[in-house]
$ cat model.txt   # compact mmCIF, C-alpha atoms
# COMPACT_ATOMS: atom_id res chain seq x y z
CA MET A 152 4.34 15.35 -4.26
CA LYS A 153 5.44 11.87 -5.33
CA ILE A 154 3.44 9.37 -7.36
CA THR A 155 1.83 6.91 -4.92
CA THR A 156 0.11 3.78 -6.28
CA GLY A 157 0.49 1.34 -3.41
CA GLN A 158 0.27 2.53 0.17
CA ALA A 159 -1.96 5.30 1.48
CA ALA A 160 -0.63 8.73 0.60
CA ARG A 161 0.74 10.57 3.65
CA GLY A 162 2.54 13.80 4.42
CA GLU A 163 3.41 15.88 1.38
CA ASN A 164 2.15 13.07 -0.88
CA PHE A 165 -1.42 13.46 0.39
CA PHE A 166 -3.62 15.51 -1.93
CA LYS A 167 -5.59 17.75 0.41
CA ARG A 168 -9.29 18.26 -0.18
CA PRO A 169 -10.13 21.05 2.29
CA ILE A 170 -13.92 20.75 1.95
CA LEU A 171 -13.79 17.01 2.63
CA ILE A 172 -11.39 17.39 5.57
CA ASN A 173 -13.57 20.12 7.09
CA LYS A 174 -16.69 17.98 6.68
CA LEU A 175 -15.04 15.14 8.57
CA TRP A 176 -13.94 17.40 11.41
CA ARG A 177 -17.44 18.89 11.66
CA LYS A 178 -18.88 15.42 12.07
CA ILE A 179 -16.23 14.55 14.65
CA ASP A 180 -16.95 17.79 16.53
CA SER A 181 -20.65 16.89 16.58
CA GLU A 182 -19.65 13.84 18.69
CA SER A 183 -20.95 11.34 16.14
CA SER A 184 -19.38 8.03 15.30
CA ILE A 185 -18.91 7.92 11.56
CA ILE A 186 -18.78 5.71 8.47
CA ILE A 187 -16.46 7.08 5.79
CA SER A 188 -18.35 5.67 2.84
CA ALA A 189 -16.92 5.39 -0.66
CA PRO A 190 -15.87 2.79 -3.21
CA ARG A 191 -12.35 1.41 -3.00
CA ARG A 192 -9.34 3.46 -4.07
CA VAL A 193 -11.09 6.82 -3.60
CA GLY A 194 -8.73 7.79 -0.76
CA LYS A 195 -10.55 6.87 2.46
CA THR A 196 -7.49 5.45 4.21
CA SER A 197 -5.34 8.40 3.15
CA LEU A 198 -7.96 10.73 4.63
CA MET A 199 -7.90 8.84 7.93
CA ARG A 200 -4.11 8.87 8.09
CA TYR A 201 -4.14 12.62 7.41
CA ILE A 202 -6.46 13.13 10.37
CA GLU A 203 -4.16 10.92 12.45
CA ASP A 204 -1.09 12.92 11.42
CA ASN A 205 -2.82 16.29 11.91
CA PRO A 206 -5.08 16.00 14.97
CA LYS A 207 -6.99 18.99 16.31
CA ASP A 208 -6.60 20.07 19.90
CA LYS A 209 -8.50 18.02 22.48
CA TYR A 210 -8.37 14.84 20.39
CA TYR A 211 -6.24 11.73 20.56
CA ILE A 212 -6.25 9.69 17.35
CA VAL A 213 -5.84 5.91 17.23
CA TYR A 214 -5.66 4.07 13.89
CA VAL A 215 -6.36 0.33 13.77
CA ILE A 216 -6.49 -1.85 10.65
CA THR A 217 -8.60 -4.97 11.11
CA GLU A 218 -8.21 -6.61 7.70
CA SER A 219 -6.75 -9.80 9.22
CA VAL A 220 -9.14 -10.05 12.20
CA TYR A 221 -11.14 -13.29 12.27
CA ASN A 222 -12.86 -13.25 15.67
CA GLU A 223 -14.44 -10.67 17.95
CA ASN A 224 -11.96 -10.92 20.80
CA MET A 225 -9.06 -10.43 18.39
CA TYR A 226 -10.81 -7.29 17.11
CA TYR A 227 -11.07 -5.74 20.57
CA LYS A 228 -7.56 -6.85 21.49
CA ASP A 229 -6.17 -4.94 18.51
CA ILE A 230 -8.08 -1.83 19.60
CA VAL A 231 -6.91 -2.14 23.21
CA LYS A 232 -3.28 -2.55 22.09
CA ALA A 233 -3.58 0.51 19.86
CA ILE A 234 -4.96 2.61 22.71
CA LEU A 235 -2.28 1.48 25.16
CA ASN A 236 0.42 2.33 22.62
CA CYS A 237 -1.06 5.51 21.09
CA ASP A 238 1.78 7.88 20.12
CA SER A 239 -0.17 11.06 20.83
CA ILE A 240 -1.14 9.81 24.29
CA LYS A 241 2.48 9.01 25.12
CA LYS A 242 3.29 12.72 24.92
CA ARG A 243 1.07 13.42 27.95
CA ASP A 244 2.70 12.36 31.20
CA LYS A 245 -0.54 12.26 33.18
CA VAL A 246 -2.31 10.14 30.58
CA ILE A 247 0.56 7.71 30.05
CA ASN A 248 0.84 7.26 33.83
CA SER A 249 -2.89 6.57 33.88
CA ILE A 250 -2.39 3.92 31.18
CA LYS A 251 0.46 2.30 33.10
CA ASP A 252 -1.74 2.07 36.19
CA LEU A 253 -4.54 0.59 34.09
CA ALA A 254 -2.21 -1.92 32.51
CA LYS A 255 -0.96 -3.13 35.87
CA ASN A 256 -4.25 -3.13 37.76
CA ILE A 257 -6.79 -4.16 35.12
CA PHE A 258 -4.95 -6.54 32.82
CA LYS A 259 -2.66 -8.52 35.12
CA SER A 260 -1.25 -10.01 31.93
CA ILE A 261 1.36 -7.45 31.00
CA ASP A 262 4.80 -8.59 29.91
CA GLU A 263 6.21 -5.08 29.83
CA VAL A 264 5.13 -1.53 30.61
CA GLY A 265 7.72 0.92 29.35
CA ILE A 266 8.00 4.41 28.00
CA ASP A 267 7.70 3.23 24.42
CA SER A 268 5.19 0.40 24.60
CA VAL A 269 2.81 -1.77 26.56
CA LYS A 270 3.14 -5.44 25.61
CA LEU A 271 0.30 -7.83 26.34
CA SER A 272 1.11 -11.37 27.35
CA LYS A 273 0.60 -14.04 24.70
CA ASN A 274 0.02 -16.67 27.35
CA ILE A 275 -3.16 -15.25 28.89
CA GLU A 276 -6.29 -14.55 26.84
CA LEU A 277 -8.72 -12.01 28.26
CA ASN A 278 -12.13 -10.72 27.30
CA TYR A 279 -10.96 -7.58 25.52
CA PHE A 280 -14.45 -6.19 25.03
CA GLU A 281 -14.73 -5.97 28.80
CA LYS A 282 -11.21 -4.58 29.07
CA PHE A 283 -12.05 -1.86 26.57
CA ILE A 284 -14.99 -0.81 28.76
CA GLU A 285 -12.77 -0.82 31.87
CA ILE A 286 -10.16 1.32 30.12
CA MET A 287 -12.78 3.84 29.06
CA ARG A 288 -14.26 3.98 32.57
CA PHE A 289 -11.00 4.66 34.37
CA ILE A 290 -8.59 6.31 31.91
CA ASP A 291 -7.87 10.00 32.51
CA LEU A 292 -7.78 11.68 29.08
CA GLU A 293 -7.49 15.18 30.57
CA GLY A 294 -10.64 16.32 28.82
CA HIS A 295 -9.56 14.98 25.43
CA LYS A 296 -11.67 12.73 23.19
CA LEU A 297 -10.29 9.47 21.81
CA ILE A 298 -11.02 9.00 18.10
CA ILE A 299 -10.66 5.31 17.22
CA MET A 300 -10.36 4.88 13.46
CA ILE A 301 -11.13 1.33 12.33
CA ASP A 302 -9.91 0.58 8.82
CA GLU A 303 -11.29 -2.51 7.03
CA PHE A 304 -14.04 -3.00 9.63
CA ALA A 305 -16.39 -4.53 7.05
CA GLN A 306 -13.62 -6.93 6.03
CA ALA A 307 -13.33 -8.07 9.65
CA ILE A 308 -17.10 -8.65 9.73
CA GLU A 309 -16.87 -10.67 6.55
CA ASN A 310 -13.87 -12.68 7.84
CA ILE A 311 -15.83 -13.63 10.95
CA GLN A 312 -18.89 -14.55 8.92
CA GLN A 313 -16.85 -16.88 6.73
CA ARG A 314 -14.97 -18.53 9.63
CA GLN A 315 -17.54 -18.61 12.39
CA GLY A 316 -20.87 -17.86 10.76
CA THR A 317 -23.33 -15.02 10.43
CA THR A 318 -24.39 -15.05 14.10
CA TYR A 319 -20.85 -14.19 15.23
CA ALA A 320 -20.44 -11.52 12.57
CA VAL A 321 -23.70 -9.85 13.54
CA HIS A 322 -22.64 -9.99 17.19
CA LEU A 323 -19.60 -7.81 16.41
CA LEU A 324 -21.91 -5.24 14.84
CA GLN A 325 -24.11 -5.42 17.93
CA SER A 326 -21.25 -5.07 20.40
CA ASN A 327 -19.84 -2.05 18.55
CA ARG A 328 -23.25 -0.41 18.72
CA SER A 329 -23.56 -1.21 22.42
CA LEU A 330 -20.29 0.63 23.06
CA ARG A 331 -21.43 3.65 21.07
CA GLN A 332 -24.67 3.67 23.07
CA ASN A 333 -23.02 3.14 26.49
CA SER A 334 -23.65 6.44 28.29
CA ASP A 335 -21.13 5.58 31.04
CA ILE A 336 -18.18 5.73 28.64
CA ASN A 337 -19.20 7.11 25.23
CA ASN A 338 -18.27 10.67 26.20
CA LYS A 339 -14.62 9.62 25.99
CA PHE A 340 -14.44 8.10 22.50
CA GLN A 341 -15.85 8.02 18.98
CA PHE A 342 -15.44 5.42 16.27
CA ILE A 343 -14.71 6.13 12.61
CA TYR A 344 -15.17 3.09 10.35
CA THR A 345 -14.09 2.64 6.77
CA GLY A 346 -12.69 0.04 4.40
CA SER A 347 -12.39 -1.20 0.85
CA ILE A 348 -15.81 -2.87 0.97
CA SER A 349 -19.08 -1.31 1.98
CA LEU A 350 -20.11 -1.67 5.62
CA GLU A 351 -23.65 -0.74 4.61
CA GLY A 352 -23.62 -3.56 2.05
CA ILE A 353 -22.33 -6.15 4.52
CA ALA A 354 -24.92 -5.16 7.13
CA ARG A 355 -27.68 -5.19 4.53
CA ARG A 356 -26.68 -8.66 3.37
CA MET A 357 -26.94 -9.95 6.95
CA ASP A 358 -30.22 -8.14 7.57
CA SER A 359 -28.47 -6.13 10.29
CA SER A 360 -28.62 -2.52 9.10
CA LYS A 361 -30.28 -1.55 12.39
CA PHE A 362 -26.93 -2.02 14.14
CA ILE A 363 -25.27 0.77 12.13
CA ASN A 364 -28.17 3.19 11.70
CA ASP A 365 -26.85 5.43 14.50
CA LEU A 366 -23.70 6.20 12.51
CA ASP A 367 -23.22 9.46 10.66
CA ILE A 368 -22.10 8.97 7.05
CA LEU A 369 -19.40 10.92 5.26
CA LYS A 370 -19.45 10.15 1.55
CA VAL A 371 -16.12 10.54 -0.25
CA THR A 372 -16.78 11.33 -3.89
CA PRO A 373 -14.34 11.18 -6.80
CA LEU A 374 -12.38 14.32 -7.56
CA SER A 375 -13.97 17.12 -9.53
CA GLU A 376 -12.34 18.00 -12.85
CA ALA A 377 -10.69 21.01 -11.19
CA GLU A 378 -9.35 18.81 -8.37
CA GLY A 379 -8.12 16.22 -10.86
CA LYS A 380 -6.25 18.92 -12.79
CA SER A 381 -4.79 20.27 -9.56
CA LEU A 382 -3.58 16.79 -8.53
CA ILE A 383 -1.85 16.27 -11.90
CA ASN A 384 -0.16 19.66 -11.66
CA GLU A 385 1.06 18.89 -8.14
CA LEU A 386 2.54 15.60 -9.37
CA LEU A 387 4.17 17.32 -12.37
CA LYS A 388 6.15 19.57 -10.00
CA GLY A 389 8.24 16.55 -9.00
CA LEU A 390 8.61 15.08 -12.49
CA ASP A 391 10.90 15.79 -15.44
CA PHE A 392 8.18 15.96 -18.11
CA THR A 393 5.35 18.41 -18.71
CA MET A 394 1.75 18.24 -19.96
CA ASP A 395 -0.24 21.12 -21.38
CA ASP A 396 -3.85 21.84 -20.38
CA ASP A 397 -5.31 20.06 -23.43
CA THR A 398 -3.39 16.87 -22.61
CA ILE A 399 -4.44 17.02 -18.96
CA LYS A 400 -8.06 17.48 -20.03
CA HIS A 401 -7.78 14.52 -22.42
CA MET A 402 -6.36 12.36 -19.65
CA LEU A 403 -9.18 13.28 -17.27
CA ASN A 404 -11.78 12.59 -19.96
CA GLU A 405 -10.29 9.15 -20.63
CA ILE A 406 -10.24 8.24 -16.93
CA LYS A 407 -13.68 9.82 -16.34
CA TRP A 408 -14.12 8.47 -12.80
CA LEU A 409 -11.53 10.69 -11.17
CA ILE A 410 -10.27 8.78 -8.18
CA PRO A 411 -6.70 9.56 -7.04
CA PHE A 412 -5.55 5.98 -7.65
CA TYR A 413 -6.37 6.05 -11.38
CA ILE A 414 -4.71 9.43 -11.85
CA GLN A 415 -1.61 8.32 -9.93
CA LEU A 416 -1.41 5.05 -11.87
CA ALA A 417 -1.73 6.86 -15.21
CA MET A 418 1.02 9.28 -14.21
CA ASP A 419 3.21 6.34 -13.19
CA LYS A 420 2.79 4.80 -16.65
CA ILE A 421 3.56 8.14 -18.29
CA GLN A 422 6.72 8.25 -16.18
CA ASP A 423 7.64 4.85 -17.66
CA ILE A 424 7.18 6.28 -21.17
CA TYR A 425 9.42 9.22 -20.28
CA ASP A 426 12.09 6.89 -18.86
CA GLU A 427 12.06 4.71 -21.97
CA LYS A 428 11.81 7.38 -24.66
CA ASN A 429 12.96 10.55 -22.89
CA ILE A 430 9.88 12.43 -24.15
CA ARG A 431 9.85 15.68 -22.23
CA PHE A 432 6.53 16.98 -23.57
CA ILE A 433 3.68 14.54 -23.04
CA TYR A 434 0.71 14.70 -25.42
CA SER A 435 -2.55 12.77 -25.81
CA GLU A 436 -0.96 9.89 -27.71
CA SER A 437 1.29 9.08 -24.77
CA VAL A 438 -1.67 9.31 -22.38
CA ASP A 439 -3.53 6.74 -24.50
CA ILE A 440 -0.51 4.41 -24.40
CA ALA A 441 -0.26 4.86 -20.61
CA ILE A 442 -3.91 3.92 -20.13
CA LYS A 443 -3.47 0.77 -22.22
CA CYS A 444 -0.51 -0.12 -20.00
CA MET A 445 -2.66 0.48 -16.91
CA ILE A 446 -5.14 -2.13 -18.09
CA GLU A 447 -2.32 -4.68 -18.29
CA GLU A 448 -1.54 -4.10 -14.59
CA ASN A 449 -3.52 -7.11 -13.43
CA ASN A 450 -2.12 -6.98 -9.88
CA LYS A 451 -3.56 -3.48 -9.47
CA PHE A 452 -7.07 -4.54 -10.44
CA SER A 453 -7.37 -8.26 -9.69
CA SER A 454 -8.87 -7.60 -6.26
CA TRP A 455 -11.97 -6.27 -8.03
CA HIS A 456 -12.67 -9.80 -9.27
CA GLU A 457 -11.31 -11.69 -6.26
CA ARG A 458 -13.52 -9.65 -3.93
CA LEU A 459 -16.66 -11.02 -5.63
CA LYS A 460 -15.76 -14.63 -4.84
CA VAL A 461 -17.31 -14.12 -1.41
CA TYR A 462 -20.64 -14.53 -3.21
CA LYS A 463 -21.63 -18.11 -3.92
CA ASN A 464 -23.63 -20.08 -6.45
CA ASP A 465 -26.29 -18.08 -8.30
CA ASP A 466 -25.45 -14.83 -6.48
CA TYR A 467 -21.95 -14.99 -7.94
CA LYS A 468 -23.11 -16.05 -11.41
CA PHE A 469 -25.66 -13.24 -11.49
CA ILE A 470 -23.10 -10.57 -10.52
CA ILE A 471 -20.52 -11.80 -13.03
CA GLU A 472 -23.07 -11.87 -15.85
CA VAL A 473 -24.19 -8.31 -15.08
CA LEU A 474 -20.59 -7.07 -15.23
CA ASN A 475 -19.79 -9.10 -18.34
CA ILE A 476 -22.79 -7.67 -20.20
CA ILE A 477 -21.79 -4.11 -19.35
CA SER A 478 -18.19 -4.69 -20.36
CA ILE A 479 -18.68 -6.40 -23.74
CA THR A 480 -21.84 -4.90 -25.24
CA ALA A 481 -21.51 -2.11 -27.75
CA ALA A 482 -23.61 0.19 -25.59
CA LYS A 483 -21.38 -0.52 -22.54
CA GLU A 484 -24.45 -0.54 -20.30
CA ILE A 485 -27.28 -2.63 -18.95
CA THR A 486 -30.84 -1.54 -18.23
CA TYR A 487 -32.73 -2.11 -15.02
CA ASN A 488 -35.23 -4.28 -16.88
CA GLU A 489 -32.42 -6.48 -18.22
CA ILE A 490 -31.05 -6.85 -14.69
CA HIS A 491 -34.52 -7.78 -13.44
CA ASP A 492 -34.86 -10.43 -16.16
CA LEU A 493 -31.47 -11.89 -15.18
CA ALA A 494 -32.56 -11.99 -11.55
CA VAL A 495 -35.71 -13.90 -12.51
CA ARG A 496 -33.65 -16.38 -14.51
CA TYR A 497 -31.32 -16.97 -11.52
CA LYS A 498 -34.28 -17.10 -9.11
CA LEU A 499 -33.01 -14.04 -7.23
CA LYS A 500 -36.08 -11.85 -7.56
CA GLU A 501 -36.23 -11.27 -3.78
CA THR A 502 -32.55 -10.48 -3.25
CA TYR A 503 -31.07 -9.07 -6.45
CA LYS A 504 -31.58 -5.45 -5.40
CA ASN A 505 -29.21 -5.96 -2.48
CA LEU A 506 -26.62 -7.45 -4.84
CA LEU A 507 -27.07 -4.54 -7.23
CA ASN A 508 -26.72 -1.98 -4.44
CA THR A 509 -23.53 -3.65 -3.25
CA LEU A 510 -22.01 -3.38 -6.74
CA ILE A 511 -22.83 0.34 -6.59
CA ASP A 512 -21.56 0.82 -3.03
CA ASP A 513 -18.28 -0.96 -3.79
CA GLY A 514 -17.65 1.13 -6.90
CA TYR A 515 -18.13 -1.35 -9.73
CA ILE A 516 -21.11 0.28 -11.41
CA ASN A 517 -23.25 3.39 -11.14
CA ASN A 518 -26.44 4.82 -12.56
CA ASP A 519 -25.84 8.50 -11.88
CA ASP A 520 -26.78 9.74 -15.35
CA ASN A 521 -29.92 7.64 -15.75
CA LYS A 522 -31.47 5.75 -12.86
CA LYS A 523 -32.61 2.95 -15.16
CA ILE A 524 -29.28 2.41 -16.93
CA TYR A 525 -26.13 1.02 -15.29
CA THR A 526 -22.53 1.41 -16.49
CA PHE A 527 -19.08 0.75 -15.07
CA THR A 528 -17.94 3.60 -12.87
CA SER A 529 -14.82 4.01 -14.99
CA PRO A 530 -13.83 3.15 -18.55
CA ILE A 531 -10.53 1.92 -17.05
CA LEU A 532 -12.27 -0.69 -14.90
CA ARG A 533 -14.62 -1.64 -17.76
CA MET A 534 -11.75 -2.19 -20.20
CA TRP A 535 -9.79 -4.22 -17.63
CA TRP A 536 -12.86 -6.36 -16.81
CA CYS A 537 -13.55 -6.96 -20.50
CA LYS A 538 -9.96 -7.97 -21.23
CA LYS A 539 -9.23 -10.05 -18.11
CA ASN A 540 -12.59 -11.55 -17.14
CA ALA A 541 -15.28 -11.33 -19.81
CA ASN A 542 -13.26 -12.75 -22.70
$ encode --input "model.txt" --output "structure tokens"
Amino acid sequence: MKITTGQAARGENFFKRPILINKLWRKIDSESSIIISAPRRVGKTSLMRYIEDNPKDKYYIVYVITESVYNENMYYKDIVKAILNCDSIKKRDKVINSIKDLAKNIFKSIDEVGIDSVKLSKNIELNYFEKFIEIMRFIDLEGHKLIIMIDEFAQAIENIQQRQGTTYAVHLLQSNRSLRQNSDINNKFQFIYTGSISLEGIARRMDSSKFINDLDILKVTPLSEAEGKSLINELLKGLDFTMDDDTIKHMLNEIKWLIPFYIQLAMDKIQDIYDEKNIRFIYSESVDIAIKCMIEENNKFSSWHERLKVYKNDDYKFIIEVLNIISITAAKEITYNEIHDLAVRYKLKETYKNLLNTLIDDGYINNDDNKKIYTFTSPILRMWWCKKNAN
């Protein structure tokens, strides 16, 4: 297993969590459409790509990333293109012939239909929501189910809200629900949604939670201590240095919120120490140095601040003050009563709970140990926020 700090981990670099993988397949087998819900960097995309790379029998898997989508028709066009060019479908002669017939008869805007790809014309714009329905009505999947995995769906919703307004963003939520509820076609497909921001939070902010309440939720939690230790040991197999159990335990205690990204990034910094000093046996002191180096990696964490700029005026000021207080106070926490007082000061008494829940959903803060006290999810994120934003 190689250290992976950028792209989603795939193949031998994916750290398998059998219980989590089995949970996802059980939900898929129950014929539900699903939200994979977790804060950023926990491994949601890697989980989806693992399912894509290792499909069960009777399923075709399509992965679509919608991070750059800014209107509803573009969203459905990306899905249609992904279906028409699905690698697993191409292996089935009957299905690919069915797709070729669909492409010629339904679209009438095809530049090319070949063995390797179906190319849609750039000169003719169609209603791709309607085309998706037509595909699902007439495609012969030979008894298989099409699993359409939508990565960064909430980001697409937010993009549309910013460009076109809330009405258009809510309409995309509505149209997705209408497809899931369409009894003429919904026996052929299921959606799995995930992304780096919370779909539940976006829907809540637009007063549109009713359009996602039919979705089953799979929560991806941070690694357990045993899983964190196992991940480190798997990474060590491909490295030239070693760490004893006490050092591994120290590293996990310092990270605390055991998401794969933090562990991988810490190991990457330890690799830098090894390269520079040729220290074969890594102890706690080197771990501490590596974590300090992590905090200097502004490009790895800056999205945590940039993401919040979607909030405006007093909403933004309120959120930033909450995070600043947690990061700079000696106690490294804020109480619910203090948050309430801030909300009153910013005249957000009616809406601050939604803002607070979004900070929790997106992985900034939690209150797991005491429901009336909020802290940063990770000391790493707290120290970075304090150094780069609060001071």
$ residues_near_point --input "model.txt" --point "(-7.0, 8.1, -8.7)" --cutoff "10 Å" --atoms "only C-alpha atoms" --output "list in words"
Thr155, Thr156, Arg192, Val193, Gly194, Pro373, Leu374, Gly379, Leu382, Ile406, Trp408, Leu409, Ile410, Pro411, Phe412, Tyr413, Ile414, Gln415, Leu416, Ala417 and Met418 of chain A
$ write_last_selection --input "model.txt" --atoms "C-alpha atoms" --output "mmCIF file, in the frame of the given file"
data_model
loop_
_atom_site.group_PDB
_atom_site.id
_atom_site.type_symbol
_atom_site.label_atom_id
_atom_site.label_comp_id
_atom_site.auth_asym_id
_atom_site.auth_seq_id
_atom_site.Cartn_x
_atom_site.Cartn_y
_atom_site.Cartn_z
ATOM 1 C CA THR A 155 1.830 6.910 -4.920
ATOM 2 C CA THR A 156 0.110 3.780 -6.280
ATOM 3 C CA ARG A 192 -9.340 3.460 -4.070
ATOM 4 C CA VAL A 193 -11.090 6.820 -3.600
ATOM 5 C CA GLY A 194 -8.730 7.790 -0.760
ATOM 6 C CA PRO A 373 -14.340 11.180 -6.800
ATOM 7 C CA LEU A 374 -12.380 14.320 -7.560
ATOM 8 C CA GLY A 379 -8.120 16.220 -10.860
ATOM 9 C CA LEU A 382 -3.580 16.790 -8.530
ATOM 10 C CA ILE A 406 -10.240 8.240 -16.930
ATOM 11 C CA TRP A 408 -14.120 8.470 -12.800
ATOM 12 C CA LEU A 409 -11.530 10.690 -11.170
ATOM 13 C CA ILE A 410 -10.270 8.780 -8.180
ATOM 14 C CA PRO A 411 -6.700 9.560 -7.040
ATOM 15 C CA PHE A 412 -5.550 5.980 -7.650
ATOM 16 C CA TYR A 413 -6.370 6.050 -11.380
ATOM 17 C CA ILE A 414 -4.710 9.430 -11.850
ATOM 18 C CA GLN A 415 -1.610 8.320 -9.930
ATOM 19 C CA LEU A 416 -1.410 5.050 -11.870
ATOM 20 C CA ALA A 417 -1.730 6.860 -15.210
ATOM 21 C CA MET A 418 1.020 9.280 -14.210
#
$ atom_distance --input "model.txt" --atom1 "CA of Asp439 in chain A" --atom2 "CA of Thr398 in chain A"
10.3 Å
$ residues_around --input "model.txt" --residues "Ile524 in chain A" --least-positions-apart "5" --cutoff "8 Å" --atoms "only C-alpha atoms" --output "mmCIF file with C-alpha atoms, in the coordinates of the input"
data_model
loop_
_atom_site.group_PDB
_atom_site.id
_atom_site.type_symbol
_atom_site.label_atom_id
_atom_site.label_comp_id
_atom_site.auth_asym_id
_atom_site.auth_seq_id
_atom_site.Cartn_x
_atom_site.Cartn_y
_atom_site.Cartn_z
ATOM 1 C CA GLU A 484 -24.450 -0.540 -20.300
ATOM 2 C CA ILE A 485 -27.280 -2.630 -18.950
ATOM 3 C CA THR A 486 -30.840 -1.540 -18.230
ATOM 4 C CA TYR A 487 -32.730 -2.110 -15.020
ATOM 5 C CA ASN A 518 -26.440 4.820 -12.560
#
$ closest_residue --input "model.txt" --among "A:Ile212, A:Val321, A:Leu235, A:Ile490" --to "Ser360 in chain A" --atoms "only C-alpha atoms"
A:Val321
$ residues_near_point --input "model.txt" --point "(-15.1, 23.2, 17.2)" --cutoff "10 Å" --atoms "only C-alpha atoms" --output "PyMOL selection string"
chain A and resi 176-177+179-181+207-209
$ closest_residue --input "model.txt" --among "A:Ser453, A:Asn404, A:Gln422, A:Thr502" --to "Ile440 in chain A" --atoms "all atoms listed in the file"
A:Gln422
$ closest_atom_pairs --input "model.txt" --of "range 278-342 of chain A" --to "range 456-476 of chain A" --cutoff "10 Å" --atoms "all atoms listed in the file" --output "tab-separated table"
residue	atom	partner	partner_atom	distance
A:Glu309	CA	A:Val461	CA	8.7
A:Asn310	CA	A:Val461	CA	10.0
A:Gln313	CA	A:Val461	CA	8.6
$ write_last_selection --input "model.txt" --atoms "C-alpha atoms" --output "PDB file, in the coordinates of the input"
ATOM      1  CA  GLU A 309     -16.870 -10.670   6.550  1.00  0.00           C
ATOM      2  CA  ASN A 310     -13.870 -12.680   7.840  1.00  0.00           C
ATOM      3  CA  GLN A 313     -16.850 -16.880   6.730  1.00  0.00           C
TER       4      GLN A 313
END
$ closest_residue --input "model.txt" --among "A:Asp204, A:Ile154, A:Ser359, A:Pro169" --to "Glu378 in chain A" --atoms "all atoms listed in the file"
A:Pro169
$ atom_distance --input "model.txt" --atom1 "CA of Gly316 in chain A" --atom2 "CA of Leu350 in chain A"
17.0 Å
$ atom_distance --input "model.txt" --atom1 "CA of Ile185 in chain A" --atom2 "CA of Asn164 in chain A"
25.0 Å
$ residues_around --input "model.txt" --residues "Glu182 in chain A" --least-positions-apart "6" --cutoff "12 Å" --atoms "only C-alpha atoms" --output "list in words"
Leu175, Trp176, Tyr210, Lys296, Leu297, Ile298, Arg331, Asn337, Asn338, Lys339, Phe340, Gln341, Phe342, Ile343, Asp365, Leu366 and Asp367 of chain A
$ residues_around --input "model.txt" --residues "range 274-285 of chain A" --least-positions-apart "2" --cutoff "6 Å" --atoms "all atoms listed in the file" --output "PyMOL selection string"
chain A and resi 224+227-228+272+287-288
